[in-house]
$ cat data_25.csv   # CSV, C-alpha atoms (C1' of nucleotides)
chain,number,residue,atom,x,y,z
L,1,MET,CA,-53.7,-37.4,6.3
L,2,GLU,CA,-50.5,-35.5,5.9
L,3,PRO,CA,-50.5,-32.1,4.1
L,4,LEU,CA,-49.3,-32.1,0.5
L,5,PRO,CA,-45.5,-31.3,0.6
L,6,ARG,CA,-44.0,-28.1,-0.5
L,7,SER,CA,-42.7,-29.8,-3.6
L,8,PHE,CA,-46.3,-30.3,-4.8
L,9,TYR,CA,-46.4,-26.5,-5.5
L,10,GLU,CA,-43.0,-26.3,-7.2
L,11,LYS,CA,-44.4,-26.8,-10.7
L,12,GLU,CA,-46.0,-24.7,-13.4
L,13,PRO,CA,-49.1,-22.9,-12.1
L,14,ASP,CA,-51.5,-24.6,-14.5
L,15,GLU,CA,-50.2,-28.0,-13.5
L,16,VAL,CA,-50.6,-27.3,-9.8
L,17,ALA,CA,-54.1,-25.8,-10.5
L,18,GLU,CA,-55.2,-28.9,-12.2
L,19,LYS,CA,-53.8,-31.3,-9.6
L,20,LEU,CA,-55.4,-29.4,-6.8
L,21,LEU,CA,-58.8,-30.5,-8.0
L,22,GLY,CA,-60.1,-33.3,-5.7
L,23,LYS,CA,-57.7,-32.3,-2.9
L,24,LEU,CA,-59.0,-31.4,0.6
L,25,LEU,CA,-58.6,-27.9,1.9
L,26,VAL,CA,-58.6,-28.0,5.7
L,27,ARG,CA,-59.0,-25.1,8.2
L,28,LEU,CA,-58.9,-25.1,12.0
L,29,TYR,CA,-61.3,-22.5,13.3
L,30,GLU,CA,-62.0,-22.1,17.0
L,31,GLY,CA,-60.9,-25.6,17.6
L,32,ARG,CA,-63.1,-27.1,15.0
L,33,ARG,CA,-62.1,-28.7,11.7
L,34,LEU,CA,-63.6,-27.2,8.6
L,35,SER,CA,-62.9,-28.8,5.2
L,36,GLY,CA,-63.9,-29.0,1.6
L,37,ILE,CA,-62.9,-30.7,-1.6
L,38,ILE,CA,-61.4,-28.3,-4.1
L,39,VAL,CA,-63.5,-28.4,-7.2
L,40,GLU,CA,-62.5,-25.2,-9.0
L,41,THR,CA,-59.1,-23.4,-9.5
L,42,GLU,CA,-57.4,-20.9,-11.7
L,43,ALA,CA,-53.7,-20.4,-12.6
L,44,TYR,CA,-52.0,-17.0,-12.6
L,45,TYR,CA,-48.6,-16.3,-14.0
L,46,GLY,CA,-46.1,-13.4,-13.9
L,47,GLU,CA,-45.5,-10.3,-15.9
L,48,LEU,CA,-46.8,-11.7,-19.1
L,49,ASP,CA,-50.2,-12.4,-17.5
L,50,PRO,CA,-52.3,-9.2,-17.6
L,51,ALA,CA,-54.8,-10.5,-15.1
L,52,SER,CA,-52.1,-11.4,-12.5
L,53,ARG,CA,-51.2,-9.1,-9.7
L,54,ALA,CA,-47.6,-10.2,-10.4
L,55,SER,CA,-47.8,-8.0,-13.6
L,56,ARG,CA,-47.8,-5.0,-11.3
L,57,ARG,CA,-44.9,-4.0,-9.1
L,58,GLY,CA,-46.3,-4.4,-5.6
L,59,GLY,CA,-45.9,-6.6,-2.6
L,60,LEU,CA,-48.2,-9.2,-4.0
L,61,ALA,CA,-45.8,-9.7,-6.9
L,62,LYS,CA,-43.0,-10.2,-4.5
L,63,ILE,CA,-44.9,-13.0,-2.7
L,64,MET,CA,-45.8,-14.7,-6.0
L,65,ARG,CA,-42.1,-14.7,-6.7
L,66,GLY,CA,-41.3,-16.1,-3.3
L,67,GLU,CA,-41.5,-19.5,-1.8
L,68,ALA,CA,-44.0,-21.9,-3.3
L,69,GLY,CA,-46.7,-23.3,-1.0
L,70,MET,CA,-47.4,-20.0,0.7
L,71,ALA,CA,-50.9,-18.7,1.2
L,72,LEU,CA,-51.6,-15.5,-0.7
L,73,VAL,CA,-54.7,-13.7,0.5
L,74,TYR,CA,-55.9,-10.9,-1.8
L,75,GLY,CA,-58.6,-8.4,-1.0
L,76,ILE,CA,-61.0,-7.3,-3.7
L,77,HIS,CA,-64.5,-5.8,-3.7
L,78,GLY,CA,-64.6,-6.2,0.1
L,79,ARG,CA,-63.9,-9.9,0.0
L,80,TRP,CA,-60.8,-12.1,0.5
L,81,LEU,CA,-59.6,-14.4,-2.2
L,82,PHE,CA,-57.3,-17.3,-1.3
L,83,ASN,CA,-54.4,-18.3,-3.5
L,84,VAL,CA,-51.4,-20.6,-3.1
L,85,VAL,CA,-48.0,-19.6,-4.5
L,86,ALA,CA,-47.0,-22.1,-7.2
L,87,HIS,CA,-44.1,-22.0,-9.6
L,88,LYS,CA,-40.9,-23.7,-10.5
L,89,SER,CA,-37.7,-22.4,-8.9
L,90,LYS,CA,-37.2,-18.7,-9.8
L,91,GLY,CA,-40.6,-18.6,-11.5
L,92,ILE,CA,-43.6,-16.5,-10.7
L,93,GLY,CA,-47.2,-17.7,-10.2
L,94,GLY,CA,-50.0,-18.8,-8.1
L,95,VAL,CA,-53.3,-20.7,-8.0
L,96,LEU,CA,-56.6,-19.2,-7.0
L,97,ILE,CA,-58.9,-21.6,-5.2
L,98,ARG,CA,-62.4,-20.7,-6.4
L,99,ALA,CA,-64.8,-23.3,-5.0
L,100,LEU,CA,-65.1,-26.2,-2.6
L,101,LYS,CA,-67.5,-29.0,-1.9
L,102,PRO,CA,-68.1,-28.6,1.9
L,103,MET,CA,-67.1,-31.6,4.0
L,104,ASP,CA,-66.3,-31.2,7.7
L,105,GLY,CA,-67.8,-28.5,9.8
L,106,LEU,CA,-70.8,-27.9,7.6
L,107,GLU,CA,-72.9,-26.3,10.4
L,108,VAL,CA,-70.1,-23.9,11.3
L,109,MET,CA,-69.6,-22.9,7.6
L,110,MET,CA,-73.4,-22.4,7.2
L,111,ASN,CA,-73.2,-19.9,10.1
L,112,LEU,CA,-70.2,-18.1,8.8
L,113,ARG,CA,-71.9,-17.8,5.4
L,114,GLY,CA,-75.4,-17.0,6.7
L,115,THR,CA,-77.1,-19.6,4.4
L,116,ARG,CA,-78.2,-23.2,4.8
L,117,ASN,CA,-78.0,-23.8,1.0
L,118,VAL,CA,-75.0,-26.2,0.8
L,119,GLU,CA,-74.4,-25.3,-2.9
L,120,LEU,CA,-73.9,-21.7,-1.9
L,121,ILE,CA,-71.5,-22.3,1.0
L,122,ALA,CA,-68.3,-22.2,-1.0
L,123,SER,CA,-69.2,-22.0,-4.7
L,124,GLY,CA,-67.1,-18.9,-5.4
L,125,PRO,CA,-63.7,-17.4,-4.3
L,126,GLY,CA,-65.2,-14.9,-1.9
L,127,ARG,CA,-67.8,-17.3,-0.5
L,128,LEU,CA,-65.1,-19.9,0.1
L,129,THR,CA,-63.0,-17.6,2.2
L,130,GLN,CA,-66.0,-16.5,4.3
L,131,ALA,CA,-67.1,-20.1,4.8
L,132,MET,CA,-63.6,-21.1,6.0
L,133,ALA,CA,-62.8,-18.0,7.9
L,134,ILE,CA,-59.8,-17.3,5.7
L,135,ASN,CA,-58.6,-13.7,6.0
L,136,LYS,CA,-55.4,-11.6,5.9
L,137,TRP,CA,-54.2,-13.5,9.0
L,138,VAL,CA,-53.0,-16.5,7.0
L,139,HIS,CA,-51.4,-14.3,4.3
L,140,GLY,CA,-47.8,-15.4,3.8
L,141,LYS,CA,-48.2,-18.6,5.8
L,142,PRO,CA,-47.2,-22.0,4.4
L,143,VAL,CA,-50.1,-24.4,3.6
L,144,TYR,CA,-47.8,-27.5,3.5
L,145,ILE,CA,-47.7,-27.7,7.3
L,146,ARG,CA,-50.5,-27.7,9.9
L,147,ALA,CA,-48.9,-25.1,12.1
L,148,HIS,CA,-51.1,-22.2,11.0
L,149,GLY,CA,-54.4,-23.9,10.9
L,150,LEU,CA,-54.7,-24.0,7.2
L,151,TRP,CA,-53.4,-26.7,4.9
L,152,ILE,CA,-54.2,-28.9,1.9
L,153,GLU,CA,-54.4,-32.7,2.1
L,154,ASP,CA,-54.2,-35.4,-0.5
L,155,MET,CA,-57.3,-37.4,-1.3
L,156,LYS,CA,-57.7,-40.6,-3.2
L,157,GLY,CA,-60.1,-40.8,-6.0
L,158,ASP,CA,-60.0,-39.2,-9.4
L,159,VAL,CA,-62.1,-36.3,-10.6
L,160,LYS,CA,-63.2,-35.4,-14.1
L,161,VAL,CA,-61.4,-32.3,-15.0
L,162,ALA,CA,-62.7,-29.6,-17.4
L,163,ARG,CA,-61.1,-26.3,-18.3
L,164,SER,CA,-62.2,-22.9,-19.5
L,165,ARG,CA,-61.2,-19.3,-19.6
L,166,ARG,CA,-60.8,-17.6,-16.3
L,167,VAL,CA,-63.8,-15.9,-14.7
L,168,GLY,CA,-64.2,-12.2,-14.2
L,169,VAL,CA,-60.8,-11.1,-15.5
L,170,THR,CA,-60.9,-8.0,-17.7
L,171,GLU,CA,-57.9,-9.1,-19.8
L,172,ASP,CA,-57.4,-12.8,-20.1
L,173,LEU,CA,-54.7,-14.8,-21.8
L,174,PRO,CA,-55.7,-16.8,-24.9
L,175,ILE,CA,-55.2,-20.0,-23.0
L,176,PRO,CA,-57.9,-21.5,-20.8
L,177,LEU,CA,-56.5,-21.4,-17.2
L,178,ARG,CA,-59.6,-22.2,-15.2
L,179,PHE,CA,-60.0,-25.8,-14.0
L,180,TYR,CA,-63.1,-27.3,-12.5
L,181,VAL,CA,-64.8,-30.7,-11.8
L,182,GLU,CA,-67.1,-31.5,-14.6
L,183,GLY,CA,-70.7,-31.5,-13.6
L,184,CYS,CA,-70.0,-30.6,-10.0
L,185,PRO,CA,-72.8,-28.6,-8.4
L,186,TYR,CA,-70.4,-26.9,-6.0
L,187,VAL,CA,-68.5,-25.2,-8.9
L,188,SER,CA,-69.2,-21.4,-9.0
L,189,LYS,CA,-72.0,-20.5,-11.4
L,190,VAL,CA,-70.6,-18.2,-14.1
L,191,ARG,CA,-72.7,-15.2,-15.1
L,192,SER,CA,-74.2,-15.7,-18.5
L,193,SER,CA,-73.2,-12.5,-20.1
L,194,ARG,CA,-69.5,-13.2,-19.6
L,195,GLY,CA,-69.2,-16.3,-21.7
L,196,VAL,CA,-67.0,-19.0,-20.3
L,197,HIS,CA,-67.4,-21.3,-23.3
L,198,PRO,CA,-64.8,-24.1,-23.0
L,199,SER,CA,-62.1,-23.5,-25.5
N,1,DC,C1',-51.8,11.0,1.5
N,2,DG,C1',-56.1,10.6,-1.8
N,3,DC,C1',-57.9,8.3,-5.9
N,4,DC,C1',-59.9,4.4,-8.0
N,5,DA,C1',-59.9,-0.2,-10.4
N,6,DG,C1',-61.0,-4.7,-9.5
N,7,DA,C1',-59.4,-12.5,-9.8
N,8,DT,C1',-67.1,-10.5,-6.4
N,9,DT,C1',-71.5,-11.0,-4.6
N,10,DG,C1',-76.3,-10.5,-3.8
N,11,DA,C1',-80.2,-7.6,-4.3
N,12,DC,C1',-83.2,-5.6,-7.3
N,13,DT,C1',-86.1,-4.1,-11.9
T,1,DG,C1',-81.0,-8.5,-17.2
T,2,DT,C1',-78.8,-4.5,-14.3
T,3,DC,C1',-76.4,-2.2,-10.4
T,4,DA,C1',-73.7,-0.9,-6.5
T,5,DA,C1',-71.7,-2.0,-1.8
T,6,DT,C1',-67.4,-2.7,-0.2
T,7,DC,C1',-62.1,-2.2,0.8
T,8,DT,C1',-57.3,-3.4,-0.4
T,9,DG,C1',-53.3,-2.3,-2.8
T,10,DG,C1',-51.1,0.1,-6.6
T,11,DC,C1',-50.1,4.3,-8.2
T,12,DG,C1',-49.8,9.4,-8.7
T,13,DG,C1',-49.1,13.8,-6.2

$ encode --input "data_25.csv" --output "structure tokens"
Amino acid sequence: MEPLPRSFYEKEPDEVAEKLLGKLLVRLYEGRRLSGIIVETEAYYGELDPASRASRRGGLAKIMRGEAGMALVYGIHGRWLFNVVAHKSKGIGGVLIRALKPMDGLEVMMNLRGTRNVELIASGPGRLTQAMAINKWVHGKPVYIRAHGLWIEDMKGDVKVARSRRVGVTEDLPIPLRFYVEGCPYVSKVRSSRGVHPS
DNA sequence: CGCCAGATTGACT
DNA sequence: GTCAATCTGGCGG
């Protein structure tokens, strides 16, 4: 199946985040195909969004203002987080991919993660990048072509979308910007103390 | 350059 | 439930 076109990402971040649910993230790793269905995302905006790196003045903000459909890989707490730049023309924004349902290359992903528990393979932003060998190397590369071994394909079939506040951010916007597949066991488990009550 | 917060995780009491 | 390992990028000096 062909990768989703660049135009798919040229929309408001929350719309892209929601529509990415149910799509297939594919990674070529040492000649093998790793893939997983996207089951959890979060939208990030520009200066008005206190949780977004675009609200600071660094290189990440520059990329979030740049071409839509580019991979943005962000390091935090010793892990890599994978985002796709998404915004309308002249806008700023991105979508954080937070969890996958593993599909192709399960054995390889289990080895990369060091666990055989399928629900723990990619149920979190840091876990997902480890399972798919996503690192700084793909930073700034387009995900709407196959050339760099990382892309997102369309998938048929609808998913039941739920939304909530974003996870882990210290200062969130009053709007729920996290999207996930209702009842899906591959969605990251949110720590109890930080309430993610749907709102 | 050094400092340190942070879109996390997993190990431990 | 609590805690800290881990490391990049922003920011101050």

$ closest_atom_pairs --input "data_25.csv" --of "chain T" --to "stretch 54-57 of chain L" --cutoff "12 Å" --atoms "all atoms listed in the file" --output "Markdown table"
| residue | atom | partner | partner_atom | distance |
| --- | --- | --- | --- | --- |
| T:DG9 | C1' | L:Arg56 | CA | 10.5 |
| T:DG10 | C1' | L:Arg56 | CA | 7.7 |
| T:DC11 | C1' | L:Arg57 | CA | 9.8 |

$ write_last_selection --input "data_25.csv" --atoms "C-alpha atoms (C1' of nucleotides)" --output "mmCIF file, in the frame of the given file"
data_model
loop_
_atom_site.group_PDB
_atom_site.id
_atom_site.type_symbol
_atom_site.label_atom_id
_atom_site.label_comp_id
_atom_site.auth_asym_id
_atom_site.auth_seq_id
_atom_site.Cartn_x
_atom_site.Cartn_y
_atom_site.Cartn_z
ATOM 1 C "C1'" DG T 9 -53.300 -2.300 -2.800
ATOM 2 C "C1'" DG T 10 -51.100 0.100 -6.600
ATOM 3 C "C1'" DC T 11 -50.100 4.300 -8.200
#

$ interface_residues --input "data_25.csv" --of "chain N" --to "chain L" --cutoff "8 Å" --atoms "all atoms listed in the file" --output "MDAnalysis selection string"
chainID N and resid 6:9

$ residues_around --input "data_25.csv" --residues "N:DA11" --least-positions-apart "4" --cutoff "12 Å" --atoms "only C-alpha atoms (C1' of nucleotides)" --output "list of chain:residue names"
T:DT2, T:DC3, T:DA4, T:DA5

$ interface_residues --input "data_25.csv" --of "chain T" --to "chain L" --cutoff "7 Å" --atoms "all atoms listed in the file" --output "list of chain:residue names"
T:DT6, T:DC7, T:DT8, T:DG10

$ atom_distance --input "data_25.csv" --atom1 "atom CA of L:Asp49" --atom2 "atom CA of L:Val159"
27.6 Å

$ atom_distance --input "data_25.csv" --atom1 "atom CA of L:Glu12" --atom2 "atom CA of L:Thr41"
13.7 Å

$ atom_distance --input "data_25.csv" --atom1 "atom CA of L:Tyr186" --atom2 "atom CA of L:Leu100"
6.3 Å

$ decode --input "data_25.csv" --residues "stretch 2-13 of chain T" --atoms "N, CA, C and O atoms (P, O5', C5', C4', C3', O3' and C1' of nucleotides)" --output "PDB file, in the first residue's frame"
ATOM      1  P    DT T   2       2.948   8.632  46.228  1.00  0.00           P
ATOM      2  O5'  DT T   2       4.450   8.073  46.235  1.00  0.00           O
ATOM      3  C5'  DT T   2       5.041   7.626  47.450  1.00  0.00           C
ATOM      4  C4'  DT T   2       6.431   7.124  47.146  1.00  0.00           C
ATOM      5  C3'  DT T   2       7.310   8.195  46.488  1.00  0.00           C
ATOM      6  O3'  DT T   2       8.544   8.244  47.155  1.00  0.00           O
ATOM      7  C1'  DT T   2       7.356   6.186  45.218  1.00  0.00           C
ATOM      8  P    DC T   3       9.565   9.424  46.990  1.00  0.00           P
ATOM      9  O5'  DC T   3      10.640   8.772  46.002  1.00  0.00           O
ATOM     10  C5'  DC T   3      11.226   7.515  46.319  1.00  0.00           C
ATOM     11  C4'  DC T   3      12.204   7.124  45.214  1.00  0.00           C
ATOM     12  C3'  DC T   3      12.926   8.322  44.583  1.00  0.00           C
ATOM     13  O3'  DC T   3      14.279   7.984  44.414  1.00  0.00           O
ATOM     14  C1'  DC T   3      11.833   7.054  42.908  1.00  0.00           C
ATOM     15  P    DA T   4      15.404   9.155  44.502  1.00  0.00           P
ATOM     16  O5'  DA T   4      16.423   8.704  43.366  1.00  0.00           O
ATOM     17  C5'  DA T   4      16.712   7.325  43.170  1.00  0.00           C
ATOM     18  C4'  DA T   4      16.901   7.027  41.695  1.00  0.00           C
ATOM     19  C3'  DA T   4      17.693   8.097  40.931  1.00  0.00           C
ATOM     20  O3'  DA T   4      18.407   7.465  39.897  1.00  0.00           O
ATOM     21  C1'  DA T   4      15.652   7.841  39.916  1.00  0.00           C
ATOM     22  P    DA T   5      19.992   7.415  39.946  1.00  0.00           P
ATOM     23  O5'  DA T   5      20.336   6.600  38.615  1.00  0.00           O
ATOM     24  C5'  DA T   5      19.792   5.295  38.467  1.00  0.00           C
ATOM     25  C4'  DA T   5      19.469   5.033  37.005  1.00  0.00           C
ATOM     26  C3'  DA T   5      20.456   5.641  36.014  1.00  0.00           C
ATOM     27  O3'  DA T   5      20.614   4.730  34.941  1.00  0.00           O
ATOM     28  C1'  DA T   5      18.283   6.484  35.581  1.00  0.00           C
ATOM     29  P    DT T   6      21.824   4.862  33.976  1.00  0.00           P
ATOM     30  O5'  DT T   6      21.216   5.791  32.845  1.00  0.00           O
ATOM     31  C5'  DT T   6      20.152   5.292  32.038  1.00  0.00           C
ATOM     32  C4'  DT T   6      19.668   6.409  31.136  1.00  0.00           C
ATOM     33  C3'  DT T   6      20.816   7.261  30.556  1.00  0.00           C
ATOM     34  O3'  DT T   6      20.692   7.330  29.162  1.00  0.00           O
ATOM     35  C1'  DT T   6      19.158   8.631  31.529  1.00  0.00           C
ATOM     36  P    DC T   7      22.061   7.676  28.329  1.00  0.00           P
ATOM     37  O5'  DC T   7      21.710   9.040  27.577  1.00  0.00           O
ATOM     38  C5'  DC T   7      20.682   9.115  26.596  1.00  0.00           C
ATOM     39  C4'  DC T   7      20.465  10.591  26.320  1.00  0.00           C
ATOM     40  C3'  DC T   7      21.763  11.399  26.229  1.00  0.00           C
ATOM     41  O3'  DC T   7      21.591  12.484  25.340  1.00  0.00           O
ATOM     42  C1'  DC T   7      20.413  12.341  27.812  1.00  0.00           C
ATOM     43  P    DT T   8      22.161  12.363  23.831  1.00  0.00           P
ATOM     44  O5'  DT T   8      21.187  13.344  23.040  1.00  0.00           O
ATOM     45  C5'  DT T   8      19.822  12.995  22.883  1.00  0.00           C
ATOM     46  C4'  DT T   8      18.959  14.239  22.983  1.00  0.00           C
ATOM     47  C3'  DT T   8      19.599  15.452  22.315  1.00  0.00           C
ATOM     48  O3'  DT T   8      18.640  15.984  21.414  1.00  0.00           O
ATOM     49  C1'  DT T   8      18.950  15.978  24.554  1.00  0.00           C
ATOM     50  P    DG T   9      19.079  17.103  20.419  1.00  0.00           P
ATOM     51  O5'  DG T   9      18.430  18.393  21.094  1.00  0.00           O
ATOM     52  C5'  DG T   9      17.036  18.378  21.371  1.00  0.00           C
ATOM     53  C4'  DG T   9      16.695  19.594  22.202  1.00  0.00           C
ATOM     54  C3'  DG T   9      17.197  20.901  21.597  1.00  0.00           C
ATOM     55  O3'  DG T   9      16.232  21.889  21.860  1.00  0.00           O
ATOM     56  C1'  DG T   9      18.135  20.619  23.733  1.00  0.00           C
ATOM     57  P    DG T  10      16.238  23.252  21.122  1.00  0.00           P
ATOM     58  O5'  DG T  10      16.052  24.245  22.354  1.00  0.00           O
ATOM     59  C5'  DG T  10      14.927  24.072  23.214  1.00  0.00           C
ATOM     60  C4'  DG T  10      15.148  24.849  24.504  1.00  0.00           C
ATOM     61  C3'  DG T  10      15.530  26.311  24.295  1.00  0.00           C
ATOM     62  O3'  DG T  10      14.843  27.054  25.274  1.00  0.00           O
ATOM     63  C1'  DG T  10      17.197  25.231  25.566  1.00  0.00           C
ATOM     64  P    DC T  11      14.679  28.611  25.089  1.00  0.00           P
ATOM     65  O5'  DC T  11      15.676  29.144  26.219  1.00  0.00           O
ATOM     66  C5'  DC T  11      15.550  28.634  27.556  1.00  0.00           C
ATOM     67  C4'  DC T  11      16.827  28.889  28.321  1.00  0.00           C
ATOM     68  C3'  DC T  11      17.437  30.275  28.075  1.00  0.00           C
ATOM     69  O3'  DC T  11      17.692  30.879  29.300  1.00  0.00           O
ATOM     70  C1'  DC T  11      19.076  28.610  27.971  1.00  0.00           C
ATOM     71  P    DG T  12      17.775  32.493  29.357  1.00  0.00           P
ATOM     72  O5'  DG T  12      18.904  32.663  30.472  1.00  0.00           O
ATOM     73  C5'  DG T  12      18.909  31.805  31.629  1.00  0.00           C
ATOM     74  C4'  DG T  12      20.336  31.647  32.135  1.00  0.00           C
ATOM     75  C3'  DG T  12      21.137  32.947  32.156  1.00  0.00           C
ATOM     76  O3'  DG T  12      21.935  32.968  33.328  1.00  0.00           O
ATOM     77  C1'  DG T  12      22.261  31.360  30.830  1.00  0.00           C
ATOM     78  P    DG T  13      22.815  34.261  33.690  1.00  0.00           P
ATOM     79  O5'  DG T  13      24.279  33.764  33.403  1.00  0.00           O
ATOM     80  C5'  DG T  13      24.820  32.657  34.144  1.00  0.00           C
ATOM     81  C4'  DG T  13      26.284  32.464  33.762  1.00  0.00           C
ATOM     82  C3'  DG T  13      27.102  33.757  33.696  1.00  0.00           C
ATOM     83  O3'  DG T  13      28.398  33.535  34.245  1.00  0.00           O
ATOM     84  C1'  DG T  13      27.182  32.676  31.606  1.00  0.00           C
TER      85       DG T  13
END
